[in-house]
Amino acid sequence: MLHCCGSKRFAREMAFACRFADVHHALRVARDIWFNKVDVAGWLEAVSAHLAIGATSPPSPSGARKSNPLRWLLPPIPSCR
C-alpha cells in the first residue's frame, strides 16, 4: 500500500479495512480515511513521497544498487576504466 501512497497511517488504515465489495466501496473507504483519519502530517508524508515534477524515477542513494534485493532485475552498470 505504501507504493500507492506514502502516508503510513493511510496505508495502515486501508490494510486494516481491506475486503472491499467493489472499487466504489474501496474509494469510499479511502476518502473517509484520507479526510477523517489521516492528519496534516500524514498528508505531508504522502506528498513528500511523490517524485519531483518532471522526474522519471526517484533518486537513489549511493550504493542502493548493491543493497537492493531485486538487483538482478536491473541492467548491469558499465564499468568505467
# chains A, B, ... in the order shown; residues from 1 in each chain; ligands from 1
>>> residues_around(residues="region 30-45 of chain A", least_positions_apart="2", cutoff="12 Å", atoms="only C-alpha atoms", output="list in words")
Met1, Leu2, Cys4, Cys5, Gly6, Ser7, Lys8, Arg9, Phe10, Ala11, Arg12, Glu13, Met14, Ala15, Phe16, Ala17, Cys18, Phe20, Val23, His24, His25, Ala26, Leu27, Arg28, Val47, Ser48, Ala49 and His50 of chain A
